[in-house]
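run-v5.txt follows; it contains compact mmCIF, C-alpha atoms.
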# COMPACT_ATOMS: atom_id res chain seq x y z
CA MET D 1 0.52 33.27 171.60
CA SER D 2 1.12 30.44 169.17
CA ASN D 3 0.94 26.67 168.98
CA PHE D 4 4.55 26.45 167.85
CA PHE D 5 5.37 23.97 170.61
CA THR D 6 2.31 21.78 170.00
CA PRO D 7 3.41 18.48 168.44
CA PRO D 8 2.01 18.30 164.88
CA THR D 9 0.69 14.78 165.55
CA THR D 10 -1.50 15.93 168.44
CA PHE D 11 -5.10 14.95 167.80
CA VAL D 12 -7.54 17.81 168.34
CA PRO D 13 -11.09 16.48 168.80
CA PRO D 14 -13.84 18.59 167.29
CA SER D 15 -15.57 20.82 169.81
CA GLN D 16 -18.96 19.64 171.00
CA ARG D 17 -21.69 21.52 172.83
CA GLY D 18 -20.99 21.35 176.55
CA GLY D 19 -17.36 20.33 176.04
CA PRO D 20 -14.06 22.23 175.95
CA ALA D 21 -13.26 24.55 173.05
CA TRP D 22 -10.28 22.45 171.94
CA GLU D 23 -9.47 24.65 168.95
CA LEU D 24 -9.10 27.67 171.27
CA ALA D 25 -6.88 25.70 173.67
CA MET D 26 -4.56 24.82 170.79
CA LEU D 27 -3.84 28.53 170.27
CA PHE D 28 -1.77 28.39 173.46
CA PRO D 29 1.54 26.60 174.08
CA ALA D 30 1.45 22.99 175.25
CA GLN D 31 2.07 22.30 178.94
CA GLY D 32 5.77 22.28 179.70
CA TYR D 33 6.58 24.70 176.87
CA TRP D 34 5.27 28.03 178.13
CA SER D 35 7.85 30.82 177.95
CA GLU D 36 8.12 33.65 180.45
CA GLU D 37 6.96 36.11 177.78
CA GLU D 38 3.86 34.05 176.96
CA TYR D 39 3.00 33.68 180.63
CA LEU D 40 3.37 37.37 181.37
CA ALA D 41 1.22 38.24 178.33
CA LEU D 42 -1.77 36.39 179.79
CA ASP D 43 -4.69 38.69 180.60
CA THR D 44 -6.84 36.95 183.18
CA ASN D 45 -8.48 37.54 186.55
CA HIS D 46 -7.54 34.03 187.69
CA LEU D 47 -4.56 33.19 189.87
CA VAL D 48 -2.10 31.66 187.41
CA GLU D 49 1.50 30.64 188.11
CA LEU D 50 4.28 29.36 185.84
CA VAL D 51 6.32 26.39 187.07
CA ASP D 52 9.10 25.11 184.82
CA GLY D 53 7.11 25.78 181.67
CA PHE D 54 3.82 24.45 183.08
CA ILE D 55 0.82 26.66 183.75
CA GLU D 56 -0.89 26.17 187.13
CA VAL D 57 -4.39 27.66 187.50
CA HIS D 58 -5.44 27.90 191.14
CA PRO D 59 -8.93 28.28 192.61
CA MET D 60 -10.22 31.70 193.56
CA ALA D 61 -9.61 32.67 197.18
CA SER D 62 -12.31 32.29 199.83
CA LEU D 63 -13.87 35.25 201.63
CA VAL D 64 -11.99 34.34 204.84
CA HIS D 65 -8.73 34.32 202.86
CA GLN D 66 -9.48 37.72 201.34
CA LEU D 67 -10.43 39.33 204.66
CA ILE D 68 -7.20 38.12 206.27
CA LEU D 69 -5.26 39.28 203.21
CA LYS D 70 -6.83 42.74 203.45
CA PHE D 71 -5.89 42.98 207.13
CA LEU D 72 -2.31 41.80 206.56
CA LEU D 73 -1.66 44.06 203.58
CA ARG D 74 -2.73 47.10 205.61
CA TRP D 75 -0.57 45.94 208.53
CA LEU D 76 2.59 45.46 206.48
CA ASP D 77 2.06 48.46 204.21
CA ASP D 78 1.52 50.79 207.17
CA PHE D 79 4.78 49.60 208.78
CA VAL D 80 7.05 49.78 205.74
CA THR D 81 5.55 53.11 204.63
CA LEU D 82 5.97 54.69 208.07
CA HIS D 83 9.61 53.61 208.26
CA LYS D 84 10.31 54.20 204.55
CA LEU D 85 11.57 50.65 204.11
CA GLY D 86 10.14 49.80 200.70
CA THR D 87 6.92 48.58 199.10
CA ALA D 88 4.27 46.01 200.06
CA LEU D 89 2.21 44.48 197.25
CA CYS D 90 -0.42 41.76 197.05
CA ALA D 91 -1.34 39.17 194.43
CA PRO D 92 -1.84 39.07 191.56
CA PHE D 93 1.74 40.17 190.87
CA PRO D 94 4.18 37.53 189.57
CA VAL D 95 7.50 37.01 191.34
CA LYS D 96 10.23 35.32 189.31
CA ILE D 97 11.77 32.45 191.27
CA VAL D 98 14.17 31.03 188.66
CA ALA D 99 14.13 31.01 184.86
CA GLY D 100 10.78 29.61 183.76
CA THR D 101 9.12 29.72 187.19
CA PHE D 102 6.92 32.50 188.60
CA ARG D 103 4.86 32.42 191.79
CA GLU D 104 2.28 34.89 193.08
CA PRO D 105 2.66 35.18 196.88
CA ASP D 106 -0.34 36.66 198.64
CA ILE D 107 1.88 39.52 199.86
CA VAL D 108 5.45 40.54 199.09
CA PHE D 109 7.73 43.15 200.61
CA LEU D 110 10.27 44.74 198.25
CA LYS D 111 13.16 46.89 199.37
CA PRO D 112 13.77 50.21 197.55
CA GLY D 113 15.19 49.80 194.09
CA ARG D 114 14.01 46.23 193.51
CA LEU D 115 11.31 47.36 191.08
CA LYS D 116 13.62 49.60 189.05
CA GLY D 117 14.42 48.37 185.58
CA THR D 118 12.16 45.32 185.91
CA ASN D 119 9.31 44.05 183.78
CA PRO D 120 6.28 46.23 184.64
CA ARG D 121 4.18 43.09 185.18
CA SER D 122 6.54 41.15 187.46
CA VAL D 123 9.57 41.34 189.74
CA ALA D 124 12.64 39.14 190.12
CA GLY D 125 12.65 37.79 193.67
CA ALA D 126 11.45 39.56 196.80
CA ASP D 127 12.68 40.36 200.30
CA LEU D 128 9.72 38.91 202.21
CA ALA D 129 6.91 36.66 201.00
CA LEU D 130 3.72 35.90 202.90
CA GLU D 131 1.24 33.16 202.06
CA ILE D 132 -2.16 32.56 203.62
CA VAL D 133 -2.27 28.76 203.53
CA SER D 134 -5.06 27.68 201.20
CA GLU D 135 -7.64 24.99 201.94
CA GLY D 136 -7.21 21.46 200.59
CA ALA D 137 -4.39 18.91 200.79
CA GLU D 138 -2.81 19.84 197.47
CA ASN D 139 -2.87 23.55 198.23
CA ARG D 140 -1.46 23.04 201.73
CA LYS D 141 1.38 20.90 200.38
CA ARG D 142 2.26 23.58 197.83
CA ASP D 143 2.33 26.37 200.44
CA LEU D 144 3.98 24.38 203.24
CA GLU D 145 6.42 22.16 201.34
CA THR D 146 6.95 23.27 197.75
CA LYS D 147 7.09 27.03 198.11
CA PRO D 148 9.61 27.11 200.99
CA VAL D 149 12.09 25.31 198.72
CA GLU D 150 11.35 27.63 195.81
CA TYR D 151 11.42 30.85 197.84
CA ALA D 152 14.72 29.84 199.45
CA THR D 153 16.13 29.17 195.98
CA ALA D 154 15.03 32.67 194.96
CA GLY D 155 16.88 34.14 197.95
CA ILE D 156 13.75 35.53 199.63
CA ALA D 157 15.04 36.39 203.10
CA GLU D 158 11.84 35.74 205.05
CA TYR D 159 8.74 33.62 204.45
CA TRP D 160 5.60 34.00 206.56
CA LEU D 161 2.97 31.23 206.58
CA VAL D 162 -0.41 32.30 207.94
CA ASP D 163 -2.47 29.15 208.51
CA PRO D 164 -6.21 29.73 209.18
CA GLU D 165 -6.82 25.99 209.67
CA LEU D 166 -4.29 25.64 212.51
CA GLN D 167 -4.51 29.31 213.54
CA THR D 168 -0.74 29.64 213.52
CA ILE D 169 1.74 32.03 211.97
CA THR D 170 5.11 30.51 211.08
CA VAL D 171 8.06 32.74 210.28
CA LEU D 172 10.93 31.20 208.31
CA THR D 173 14.25 32.97 207.78
CA LEU D 174 16.87 32.20 205.18
CA ASP D 175 19.97 30.47 206.51
CA GLY D 176 22.31 29.85 203.61
CA ALA D 177 20.36 28.01 200.91
CA THR D 178 17.47 26.87 203.13
CA TYR D 179 15.03 28.25 205.67
CA ARG D 180 15.16 27.77 209.40
CA GLU D 181 12.26 28.29 211.75
CA HIS D 182 12.33 31.70 213.40
CA GLY D 183 9.14 30.96 215.30
CA VAL D 184 5.70 29.32 215.28
CA PHE D 185 3.20 31.71 216.84
CA ARG D 186 -0.22 30.68 218.12
CA ILE D 187 -3.34 32.28 219.59
CA GLY D 188 -2.24 34.63 222.36
CA ASP D 189 1.20 35.15 220.77
CA THR D 190 2.71 38.03 218.86
CA ALA D 191 4.61 37.09 215.73
CA ILE D 192 7.88 38.94 215.11
CA SER D 193 10.12 39.47 212.12
CA ARG D 194 13.88 38.99 212.00
CA LEU D 195 14.22 40.82 208.68
CA LEU D 196 12.29 43.91 209.79
CA PRO D 197 13.06 44.73 213.45
CA GLY D 198 10.01 46.17 215.19
CA LEU D 199 7.52 44.46 212.89
CA THR D 200 5.05 42.54 215.08
CA LEU D 201 1.72 40.88 214.39
CA SER D 202 -1.02 39.76 216.76
CA VAL D 203 -2.09 36.21 215.95
CA ASP D 204 -5.50 36.84 217.53
CA ALA D 205 -6.15 39.97 215.47
CA THR D 206 -5.09 38.21 212.27
CA PHE D 207 -7.61 35.40 212.53
CA THR D 208 -10.31 37.62 214.03
CA ALA D 209 -10.12 39.59 210.78
CA GLY D 210 -11.26 36.48 208.91
CA GLN D 211 -14.23 35.94 211.23
CA ALA D 212 -16.03 38.91 209.71
CA ALA D 213 -17.07 36.43 207.01
CA ALA D 214 -19.15 34.43 209.50

Starting from the coordinates I provided, produce the structure as structure tokens.
Amino acid sequence: MSNFFTPPTTFVPPSQRGGPAWELAMLFPAQGYWSEEEYLALDTNHLVELVDGFIEVHPMASLVHQLILKFLLRWLDDFVTLHKLGTALCAPFPVKIVAGTFREPDIVFLKPGRLKGTNPRSVAGADLALEIVSEGAENRKRDLETKPVEYATAGIAEYWLVDPELQTITVLTLDGATYREHGVFRIGDTAISRLLPGLTLSVDATFTAGQAAA
């Protein structure tokens, strides 16, 4: 890490008790100038994404989120392992969208061979991405509006949106350069995949998994 990209005229206020450690912050690149190498060299237990040279630090997941994630990872991993279709992984594991932009989907499915010859700390693109929609207006907008555009740009064939607030599961499939709605599944429904024939998911069971936090 270096402050090579930090403008030399930037004023660095002296650190004060109870305030930020400005001198430490200046050891890192300025926002908008982070490289892929600098991002991937970060060693942190926080969820951090790189978007066009900007670092985004997201809040830690809730217990409900984690319980649903645990359930869904087992569900998808069991299916793709049984049928020898590829690998299912969960965050944190960066997925390269385009040059200078990495996201960390909650779960990704990768067909055989996609991990070969790649950076051991990331992968370029994915075959299926799944996000558990996070709480808060900004987080919801990112998952529901921003990421569909980005994941379509990356050529990710299928995007699943699991929404605990609305208790819906939306499956989007790639149609050219954009996604189209394969289905919106609600309580009592069974969600199905177009990419992976035979892959089904009970909406009730998904959100019941999160109720263990109550």

- line: From CA of Val108 in chain D to CA of Gly136 in chain D the spacing works out at 22.9 Å

- prompt: Restricting the calculation to only C-alpha atoms, which member of D:Ile169, D:Ala99, D:Ala41, D:Leu110 is positioned closest to Leu76 in chain D?
  reply: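 Ranked by minimum distance to Leu76 in chain D, first place goes to D:Leu110.
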
field: CA of Thr206 in chain D to CA of Thr168 in chain D, straight-line distance in Å
entry: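 Computed distance, CA of Thr168 in chain D to CA of Thr206 in chain D, equals 9.7 Å.
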
message: Just the number, please: distance in Å from CA of Gln66 in chain D to CA of Gly210 in chain D, one decimal.
response: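 Computing the Euclidean distance for CA of Gln66 in chain D and CA of Gly210 in chain D yields 7.9 Å.
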
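You can rank D:Ala177, D:Met26, D:Ala209, D:Val64 by their closest distance to Glu165 in chain D using only C-alpha atoms, and at the top of that list sits D:Val64.
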
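Among the candidate residues D:Arg142, D:Lys111, D:Lys70, D:Lys96, the one lying nearest to Val123 in chain D is D:Lys96, with distances computed using all atoms listed in the file.
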
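Nearest to Asp127 in chain D of all the residues D:Glu158, D:Asp106, D:Asp52, D:Asp77 is D:Glu158, counting all atoms listed in the file.
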
message: Nearest residue to Asp163 in chain D out of D:Ser35, D:Ser134, D:Thr87, D:Thr178, using only C-alpha atoms?
response: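 Comparing D:Ser35, D:Ser134, D:Thr87, D:Thr178 against Asp163 in chain D, the winner is D:Ser134.
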
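Between Val57 in chain D and the candidates D:Lys147, D:Lys116, D:Arg103, D:Arg121, the tightest atom-to-atom separation, counting only C-alpha atoms, involves D:Arg103.
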
Near Phe185 in chain D, within 10 Å and counting all atoms listed in the file, which residues show up once chain neighbours fewer than 3 positions away are dropped, as a PDB file with C-alpha atoms, in the coordinates of the input?
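As written to disk, around_22.pdb reads:
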ATOM      1  CA  VAL D 162      -0.410  32.300 207.940  1.00  0.00           C
ATOM      2  CA  GLN D 167      -4.510  29.310 213.540  1.00  0.00           C
ATOM      3  CA  THR D 168      -0.740  29.640 213.520  1.00  0.00           C
ATOM      4  CA  ILE D 169       1.740  32.030 211.970  1.00  0.00           C
ATOM      5  CA  THR D 170       5.110  30.510 211.080  1.00  0.00           C
ATOM      6  CA  VAL D 171       8.060  32.740 210.280  1.00  0.00           C
ATOM      7  CA  HIS D 182      12.330  31.700 213.400  1.00  0.00           C
ATOM      8  CA  GLY D 188      -2.240  34.630 222.360  1.00  0.00           C
ATOM      9  CA  ASP D 189       1.200  35.150 220.770  1.00  0.00           C
ATOM     10  CA  THR D 190       2.710  38.030 218.860  1.00  0.00           C
ATOM     11  CA  ALA D 191       4.610  37.090 215.730  1.00  0.00           C
ATOM     12  CA  ILE D 192       7.880  38.940 215.110  1.00  0.00           C
ATOM     13  CA  LEU D 201       1.720  40.880 214.390  1.00  0.00           C
ATOM     14  CA  SER D 202      -1.020  39.760 216.760  1.00  0.00           C
ATOM     15  CA  VAL D 203      -2.090  36.210 215.950  1.00  0.00           C
TER      16      VAL D 203
END

Return the padded bounding box of range 35-46 of chain D as AutoDock Vina command-line options: axis-aligned, built from all atoms listed in the file, 6 Å added on each side, with centre and edge lengths in Å to one decimal.
--center_x -0.2 --center_y 34.8 --center_z 182.3 --size_x 28.6 --size_y 19.9 --size_z 22.7
